[in-house]
Each structure stands twice: as C-alpha cells, then as structure tokens.
file protein.csv (CSV, C-alpha atoms and all ligand atoms)
chain,number,residue,atom,x,y,z
A,1,MET,CA,-30.2,-30.0,-34.5
A,2,GLN,CA,-28.8,-31.0,-31.1
A,3,ALA,CA,-27.3,-28.5,-28.7
A,4,HIS,CA,-23.5,-28.8,-28.9
A,5,ILE,CA,-21.4,-28.8,-25.8
A,6,PRO,CA,-17.9,-27.5,-26.7
A,7,PRO,CA,-15.3,-30.1,-26.0
A,8,GLU,CA,-12.8,-27.8,-24.4
A,9,LYS,CA,-14.8,-25.6,-22.0
A,10,SER,CA,-11.7,-25.7,-19.8
A,11,ALA,CA,-9.7,-23.8,-22.4
A,12,ARG,CA,-9.1,-20.3,-21.1
A,13,VAL,CA,-10.6,-17.4,-23.0
A,14,VAL,CA,-9.9,-13.7,-22.2
A,15,ILE,CA,-12.8,-11.3,-23.0
A,16,LEU,CA,-11.7,-7.7,-23.4
A,17,GLY,CA,-14.4,-5.0,-23.2
A,18,THR,CA,-14.2,-1.8,-25.2
A,19,GLY,CA,-17.9,-0.6,-25.0
A,20,GLY,CA,-20.2,-0.3,-28.0
A,21,THR,CA,-23.9,-1.0,-28.4
A,22,ILE,CA,-23.4,-4.5,-27.0
A,23,ALA,CA,-22.8,-2.7,-23.7
A,24,GLY,CA,-25.5,-0.1,-24.3
A,25,ARG,CA,-28.7,0.7,-22.4
A,26,ALA,CA,-32.0,2.2,-23.5
A,27,GLY,CA,-34.8,3.6,-21.3
A,28,GLN,CA,-37.3,1.0,-22.6
A,29,ALA,CA,-36.9,-2.6,-23.7
A,30,SER,CA,-38.8,-1.8,-26.9
A,31,ASP,CA,-36.3,0.8,-28.0
A,32,ASN,CA,-33.6,-0.7,-30.3
A,33,VAL,CA,-32.2,2.6,-31.4
A,34,GLY,CA,-32.6,5.3,-28.7
A,35,TYR,CA,-29.8,4.0,-26.4
A,36,THR,CA,-26.5,5.1,-25.0
A,37,ALA,CA,-23.6,2.9,-26.0
A,38,ALA,CA,-20.9,1.7,-23.6
A,39,GLN,CA,-22.8,1.6,-20.3
A,40,LEU,CA,-22.3,-1.9,-19.0
A,41,GLY,CA,-19.0,-3.4,-18.0
A,42,VAL,CA,-17.7,-6.5,-19.7
A,43,GLU,CA,-18.2,-8.5,-16.5
A,44,GLN,CA,-21.9,-7.6,-16.6
A,45,LEU,CA,-22.1,-8.8,-20.2
A,46,VAL,CA,-20.6,-12.1,-19.3
A,47,ALA,CA,-22.7,-12.5,-16.1
A,48,ALA,CA,-25.9,-12.0,-18.2
A,49,ILE,CA,-25.2,-15.2,-20.2
A,50,PRO,CA,-26.0,-18.3,-18.0
A,51,ALA,CA,-24.3,-20.6,-20.5
A,52,LEU,CA,-21.0,-19.0,-19.7
A,53,ALA,CA,-21.2,-19.7,-16.0
A,54,GLY,CA,-18.4,-21.8,-14.7
A,55,GLN,CA,-16.4,-21.6,-17.9
A,56,ALA,CA,-12.7,-20.8,-17.9
A,57,LEU,CA,-13.0,-17.1,-18.7
A,58,GLU,CA,-11.4,-13.8,-17.7
A,59,ALA,CA,-13.0,-10.4,-18.3
A,60,GLU,CA,-11.0,-7.2,-18.5
A,61,GLN,CA,-12.2,-3.7,-19.4
A,62,VAL,CA,-9.8,-2.1,-21.8
A,63,ALA,CA,-11.9,0.9,-22.8
A,64,GLN,CA,-15.5,2.0,-22.5
A,65,LEU,CA,-16.5,4.0,-25.5
A,66,ASP,CA,-18.9,4.4,-28.5
A,67,SER,CA,-16.7,3.0,-31.2
A,68,LYS,CA,-17.3,6.1,-33.4
A,69,ASP,CA,-14.9,7.7,-30.9
A,70,MET,CA,-12.2,5.0,-31.2
A,71,ASP,CA,-8.7,6.6,-31.3
A,72,PHE,CA,-5.1,5.7,-31.8
A,73,ALA,CA,-4.2,5.5,-28.1
A,74,THR,CA,-7.0,3.0,-27.4
A,75,TRP,CA,-6.0,0.9,-30.5
A,76,GLN,CA,-2.5,0.8,-29.2
A,77,CYS,CA,-3.5,-0.1,-25.7
A,78,LEU,CA,-5.9,-2.8,-27.0
A,79,ALA,CA,-3.3,-4.3,-29.3
A,80,GLN,CA,-0.8,-4.4,-26.4
A,81,CYS,CA,-3.3,-6.1,-24.1
A,82,VAL,CA,-4.3,-8.7,-26.7
A,83,ALA,CA,-0.6,-9.5,-27.4
A,84,GLU,CA,0.1,-9.9,-23.7
A,85,HIS,CA,-2.8,-12.4,-23.2
A,86,LEU,CA,-2.0,-14.3,-26.3
A,87,ALA,CA,1.5,-14.8,-25.0
A,88,ARG,CA,0.1,-16.7,-22.0
A,89,PRO,CA,0.3,-20.5,-22.8
A,90,GLU,CA,-2.9,-21.2,-20.9
A,91,VAL,CA,-4.9,-18.8,-23.0
A,92,ALA,CA,-6.6,-20.4,-26.0
A,93,GLY,CA,-7.9,-17.2,-27.5
A,94,VAL,CA,-9.1,-13.7,-26.9
A,95,VAL,CA,-12.5,-12.1,-27.5
A,96,VAL,CA,-13.0,-8.3,-27.9
A,97,THR,CA,-16.4,-6.8,-27.4
A,98,HIS,CA,-16.7,-3.7,-29.6
A,99,GLY,CA,-19.0,-1.2,-31.2
A,100,THR,CA,-20.1,-1.9,-34.8
A,101,ASP,CA,-19.1,1.5,-36.2
A,102,THR,CA,-15.3,0.9,-36.3
A,103,LEU,CA,-15.2,-2.9,-35.7
A,104,GLU,CA,-13.8,-3.5,-39.2
A,105,GLU,CA,-11.0,-0.9,-38.7
A,106,THR,CA,-10.0,-2.5,-35.3
A,107,ALA,CA,-10.1,-6.0,-36.8
A,108,TYR,CA,-7.9,-4.9,-39.7
A,109,PHE,CA,-5.4,-3.1,-37.5
A,110,LEU,CA,-5.0,-6.0,-35.0
A,111,GLN,CA,-4.5,-8.5,-37.9
A,112,GLN,CA,-1.8,-6.2,-39.4
A,113,VAL,CA,0.2,-5.7,-36.2
A,114,LEU,CA,-0.3,-9.1,-34.5
A,115,ALA,CA,-1.2,-11.6,-37.2
A,116,PRO,CA,-1.9,-13.9,-34.2
A,117,ALA,CA,-1.4,-17.7,-34.3
A,118,LYS,CA,-4.3,-18.0,-31.9
A,119,PRO,CA,-7.9,-16.7,-32.5
A,120,VAL,CA,-8.7,-13.1,-31.6
A,121,VAL,CA,-12.5,-12.8,-32.1
A,122,LEU,CA,-14.2,-9.4,-32.3
A,123,THR,CA,-17.9,-9.2,-31.7
A,124,ALA,CA,-20.6,-6.6,-31.2
A,125,ALA,CA,-24.3,-6.0,-31.3
A,126,MET,CA,-26.8,-3.9,-33.3
A,127,ARG,CA,-29.3,-3.8,-30.3
A,128,PRO,CA,-28.5,-2.6,-26.8
A,129,ALA,CA,-28.3,-5.0,-23.9
A,130,THR,CA,-31.7,-3.8,-22.7
A,131,ALA,CA,-33.6,-4.7,-25.9
A,132,LEU,CA,-36.4,-7.3,-26.0
A,133,GLN,CA,-34.4,-9.3,-28.5
A,134,THR,CA,-30.9,-8.2,-28.0
A,135,ASP,CA,-28.3,-9.8,-30.3
A,136,GLY,CA,-25.3,-9.2,-28.0
A,137,PRO,CA,-25.5,-12.3,-25.7
A,138,GLN,CA,-25.7,-14.8,-28.6
A,139,ASN,CA,-22.9,-13.0,-30.4
A,140,LEU,CA,-20.7,-13.1,-27.3
A,141,LEU,CA,-21.5,-16.8,-26.7
A,142,ASP,CA,-20.5,-17.5,-30.4
A,143,ALA,CA,-17.3,-15.5,-30.0
A,144,VAL,CA,-16.2,-17.5,-27.0
A,145,ALA,CA,-16.9,-20.8,-28.9
A,146,LEU,CA,-14.8,-19.5,-31.8
A,147,ALA,CA,-12.0,-18.4,-29.5
A,148,ARG,CA,-11.7,-22.0,-28.3
A,149,GLU,CA,-11.9,-23.6,-31.6
A,150,PRO,CA,-8.9,-25.9,-32.1
A,151,GLY,CA,-6.8,-24.8,-35.1
A,152,ALA,CA,-8.5,-21.4,-35.4
A,153,ARG,CA,-6.1,-18.5,-35.8
A,154,GLY,CA,-6.0,-14.8,-36.9
A,155,VAL,CA,-8.2,-11.9,-36.2
A,156,LEU,CA,-11.8,-12.9,-36.8
A,157,THR,CA,-15.2,-11.4,-36.3
A,158,VAL,CA,-18.4,-13.3,-35.5
A,159,PHE,CA,-21.8,-11.6,-35.9
A,160,ALA,CA,-25.2,-13.1,-36.3
A,161,GLY,CA,-23.6,-16.5,-36.5
A,162,ALA,CA,-21.3,-15.6,-39.5
A,163,ILE,CA,-17.5,-15.7,-39.2
A,164,HIS,CA,-15.6,-13.1,-41.2
A,165,GLY,CA,-11.9,-12.5,-41.5
A,166,ALA,CA,-10.3,-9.2,-40.5
A,167,GLU,CA,-9.4,-8.2,-44.0
A,168,GLN,CA,-12.8,-9.0,-45.6
A,169,VAL,CA,-15.3,-7.9,-42.9
A,170,ARG,CA,-17.5,-4.9,-43.8
A,171,LYS,CA,-20.5,-3.3,-42.0
A,172,VAL,CA,-23.2,-3.4,-44.6
A,173,HIS,CA,-26.3,-2.4,-42.7
A,174,SER,CA,-27.1,0.2,-40.1
A,175,TYR,CA,-30.2,-1.4,-38.5
A,176,LYS,CA,-30.5,-5.2,-39.3
A,177,VAL,CA,-28.9,-7.7,-36.9
A,178,GLU,CA,-27.2,-9.2,-39.9
A,179,ALA,CA,-25.1,-6.1,-40.2
A,180,PHE,CA,-21.8,-7.6,-41.4
A,181,ALA,CA,-20.7,-9.4,-44.6
A,182,SER,CA,-17.4,-10.4,-46.2
A,183,ALA,CA,-15.9,-8.7,-49.3
A,184,GLU,CA,-13.7,-10.7,-51.7
A,185,GLY,CA,-12.6,-14.0,-50.3
A,186,GLY,CA,-16.0,-14.6,-48.6
A,187,GLN,CA,-17.3,-15.6,-45.3
A,188,LEU,CA,-15.0,-18.0,-43.4
A,189,GLY,CA,-17.6,-20.0,-41.6
A,190,VAL,CA,-20.5,-20.1,-39.2
A,191,VAL,CA,-21.1,-20.8,-35.5
A,192,GLU,CA,-24.2,-22.9,-35.0
A,193,GLU,CA,-25.2,-24.0,-31.5
A,194,GLY,CA,-21.7,-23.5,-30.3
A,195,ARG,CA,-20.2,-25.6,-33.1
A,196,VAL,CA,-17.9,-23.9,-35.6
A,197,ARG,CA,-18.1,-24.9,-39.3
A,198,CYS,CA,-15.2,-23.5,-41.3
A,199,PHE,CA,-15.6,-23.0,-45.1
A,200,ALA,CA,-12.1,-21.5,-45.8
A,201,ALA,CA,-8.6,-21.2,-44.4
A,202,TRP,CA,-8.1,-19.1,-41.3
A,203,PRO,CA,-6.2,-15.8,-41.8
A,204,GLN,CA,-2.4,-16.1,-42.0
A,205,GLY,CA,0.0,-13.2,-42.2
A,206,GLN,CA,3.2,-11.6,-41.1
A,207,ALA,CA,2.9,-9.3,-38.1
A,208,LEU,CA,4.1,-5.8,-38.6
A,209,GLY,CA,4.6,-5.6,-34.8
A,210,LEU,CA,3.8,-3.0,-32.2
A,211,ALA,CA,5.8,0.2,-32.0
B,1,LIG,N1,-22.2,3.7,-32.2
B,1,LIG,C1,-22.1,2.3,-31.7
B,1,LIG,C2,-20.6,1.9,-31.6
B,1,LIG,O1,-20.0,1.7,-32.7
B,1,LIG,C3,-22.8,1.5,-32.6
B,1,LIG,C4,-22.8,0.0,-32.4
B,1,LIG,O2,-22.1,-0.5,-31.5
B,1,LIG,O3,-23.5,-0.7,-33.1
B,1,LIG,O4,-20.1,1.8,-30.5

call {"tool": "encode", "arguments": {"input": "protein.csv", "output": "structure tokens", "more": "lines below"}}
Ligand code: ASP
result
Amino acid sequence: MQAHIPPEKSARVVILGTGGTIAGRAGQASDNVGYTAAQLGVEQLVAAIPALAGQALEAEQVAQLDSKDMDFATWQCLAQCVAEHLARPEVAGVVVTHGTDTLEETAYFLQQVLAPAKPVVLTAAMRPATALQTDGPQNLLDAVALAREPGARGVLTVFAGAIHGAEQVRKVHSYKVEAFASAEGGQLGVVEEGRVRCFAAWPQGQALGLA
C-alpha cells in the first residue's frame, strides 16, 4: 500500500483539546496504565506529529480534564465552540481530542444539538503520550484526515483506524487500543494511510440547537 497524500491539505481544520489519556503522561515510557490524564496541551499534541507540520491547522484548548470528570458546563462550552468554528466558511471540519471514558456521550450530545453538515471528529487514546507505542498521534492524524474528507458530515469518531458514528459508537474495552466498536448500524468506514474508505452513509439529522 502506498502512502497517501491528502489532496486538500490546505483545507483548514480546527483541533479542540479537552484532555484525556491522549494528553496524559506517565513516569516511564513502559507504563501504559499508571499515568495522569490531561497533562499536555493540544498544541503539544499537534507539534509531536511531524506529518502535521505546515498543514492548515488551528489548535485551541477548550478544557483540560480526565473525561470521567466531564460536566454539563464543559459540554455546553465545547458545543458552542464547535458551532462557532463550523460557521466559518474556511473551516472544513473540527477535531476534538477527548478522553475515552465519556467520548461516546460527548459524541452523542454534539450530534443531537449540532447535527453538523461538516465533519466533527472525536478522537482519543488508550495509552498516554509518553508510552513506547502510544496510539494518540496516529489517531489524531487519522482524525485530521477525516475532518478534511470531502462530503463527510456529522459527528464521527475515529479510533485505531475505525470510523464510528456518534449514535453507534461504544467503548468496548478498557485496555486494548481497539477500544471502540459500533452498535447497530455498524462501522462507517476506515482511515488507512490518510485515505478514508466509507462503507455507509454519513450521519444526518436535525439539530436540536443550543440553549
Ligand atoms: N480516564 C481517561 C479519560 O477518559 C481515560 C482515557 O482517556 O482513556 O480521560
């Protein structure tokens, strides 16, 4: 398989950081579980991925928490922030870095209130940023590719190369890096070497709107 260069690297993507294991640090690189979540800023996560250098990206820290502590005020602030960026014509899509514990709840909430016509892609990691084989950078790279995918829409998650819709995504494992699956309706697609392969229709829906 050849490395794929995305056609529209100039399409602007906004990356919103909220914390989680993807931004976590452990004392030793061999430690995948004894870490503290939400230690690195979103700009540091982006800077750690050479493949993202020079791309049309913006990074903004919306929160910095372990997602087990997610609350209504943060959800409201995040939804507002996502909506504001999506309204900018030059923004192709938004990525949200998140913890895995409440990723499915945040995805469902954002889909219900925004039902966006552009892609909003949540991603996360099972291993901290300091791990020998951390999964965060690849997940973030895949999320940016999906946020730029022409025709993609709705709130999506990408994790270990698998794309799940906001209404189907479930956390199914507390240790493996393949920690998410889709319930009824199935996985929507995959991201392979920066290329999106879609198996099913992107999420549609009527936005309930923000209070
Ligand atoms: N407790 C962490 C969180 O949800 C776990 C993770 O990100 O995997 O923020």

call {"tool": "residues_near_ligand", "arguments": {"input": "protein.csv", "ligand": "ligand LIG 1 (chain B)", "cutoff": "10 Å", "atoms": "only C-alpha atoms and all ligand atoms", "output": "PyMOL selection string"}}
result
chain A and resi 18-24+33+35-38+64-70+97-103+123-128+136+171+174-175+177+179

call {"tool": "closest_residue", "arguments": {"input": "protein.csv", "among": "A:Leu141, A:Ala11, A:Arg195, A:His173", "to": "A:Ala47", "atoms": "all atoms listed in the file"}}
result
A:Leu141

call {"tool": "residues_around", "arguments": {"input": "protein.csv", "residues": "A:Arg12", "least_positions_apart": "2", "cutoff": "8 Å", "atoms": "only C-alpha atoms", "output": "PyMOL selection string"}}
result
chain A and resi 9-10+14+56-58+90-93+148

call {"tool": "atom_distance", "arguments": {"input": "protein.csv", "atom1": "atom CA of A:Leu110", "atom2": "atom CA of A:Leu146"}}
result
17.0 Å

call {"tool": "closest_atom_pairs", "arguments": {"input": "protein.csv", "of": "stretch 26-113 of chain A", "to": "stretch 154-161 of chain A", "cutoff": "8 Å", "atoms": "only C-alpha atoms", "output": "CSV"}}
result
residue,atom,partner,partner_atom,distance
A:Ala107,CA,A:Val155,CA,6.2
A:Tyr108,CA,A:Val155,CA,7.8
A:Leu110,CA,A:Val155,CA,6.8
A:Gln111,CA,A:Val155,CA,5.3

call {"tool": "write_last_selection", "arguments": {"input": "protein.csv", "atoms": "C-alpha atoms", "output": "PDB file, keeping the file's coordinate frame"}}
result
ATOM      1  CA  ALA A 107     -10.100  -6.000 -36.800  1.00  0.00           C
ATOM      2  CA  TYR A 108      -7.900  -4.900 -39.700  1.00  0.00           C
ATOM      3  CA  LEU A 110      -5.000  -6.000 -35.000  1.00  0.00           C
ATOM      4  CA  GLN A 111      -4.500  -8.500 -37.900  1.00  0.00           C
TER       5      GLN A 111
END

call {"tool": "closest_residue", "arguments": {"input": "protein.csv", "among": "A:Asp135, A:Glu84, A:Glu193, A:Glu104", "to": "A:Glu178", "atoms": "all atoms listed in the file"}}
result
A:Asp135

call {"tool": "residues_near_point", "arguments": {"input": "protein.csv", "point": "(-12.0, -17.8, -41.3)", "cutoff": "6 Å", "atoms": "all atoms listed in the file", "output": "PyMOL selection string"}}
result
chain A and resi 164-165+188+200-202

call {"tool": "residues_around", "arguments": {"input": "protein.csv", "residues": "A:Gln28", "least_positions_apart": "5", "cutoff": "10 Å", "atoms": "all atoms listed in the file", "output": "list in words"}}
result
Gly34, Tyr35, Thr130, Ala131 and Leu132 of chain A

call {"tool": "closest_residue", "arguments": {"input": "protein.csv", "among": "A:Pro50, A:Pro119, A:Gly186, A:Gly27", "to": "A:Val96", "atoms": "all atoms listed in the file"}}
result
A:Pro119

call {"tool": "closest_residue", "arguments": {"input": "protein.csv", "among": "A:Lys118, A:Glu105, A:Gly41, A:Ala181", "to": "A:Ala63", "atoms": "only C-alpha atoms"}}
result
A:Gly41

call {"tool": "atom_distance", "arguments": {"input": "protein.csv", "atom1": "atom CA of A:Pro203", "atom2": "atom CA of A:Gln61"}}
result
26.2 Å

call {"tool": "closest_residue", "arguments": {"input": "protein.csv", "among": "A:Gln168, A:Gln112, A:Thr106, A:Gln76", "to": "A:Ala211", "atoms": "only C-alpha atoms"}}
result
A:Gln76

call {"tool": "atom_distance", "arguments": {"input": "protein.csv", "atom1": "atom CA of A:Ile163", "atom2": "atom CA of A:Glu192"}}
result
10.7 Å

call {"tool": "closest_residue", "arguments": {"input": "protein.csv", "among": "A:Ala129, A:Ala26, A:Leu122, A:Val169", "to": "A:Ala147", "atoms": "all atoms listed in the file"}}
result
A:Leu122
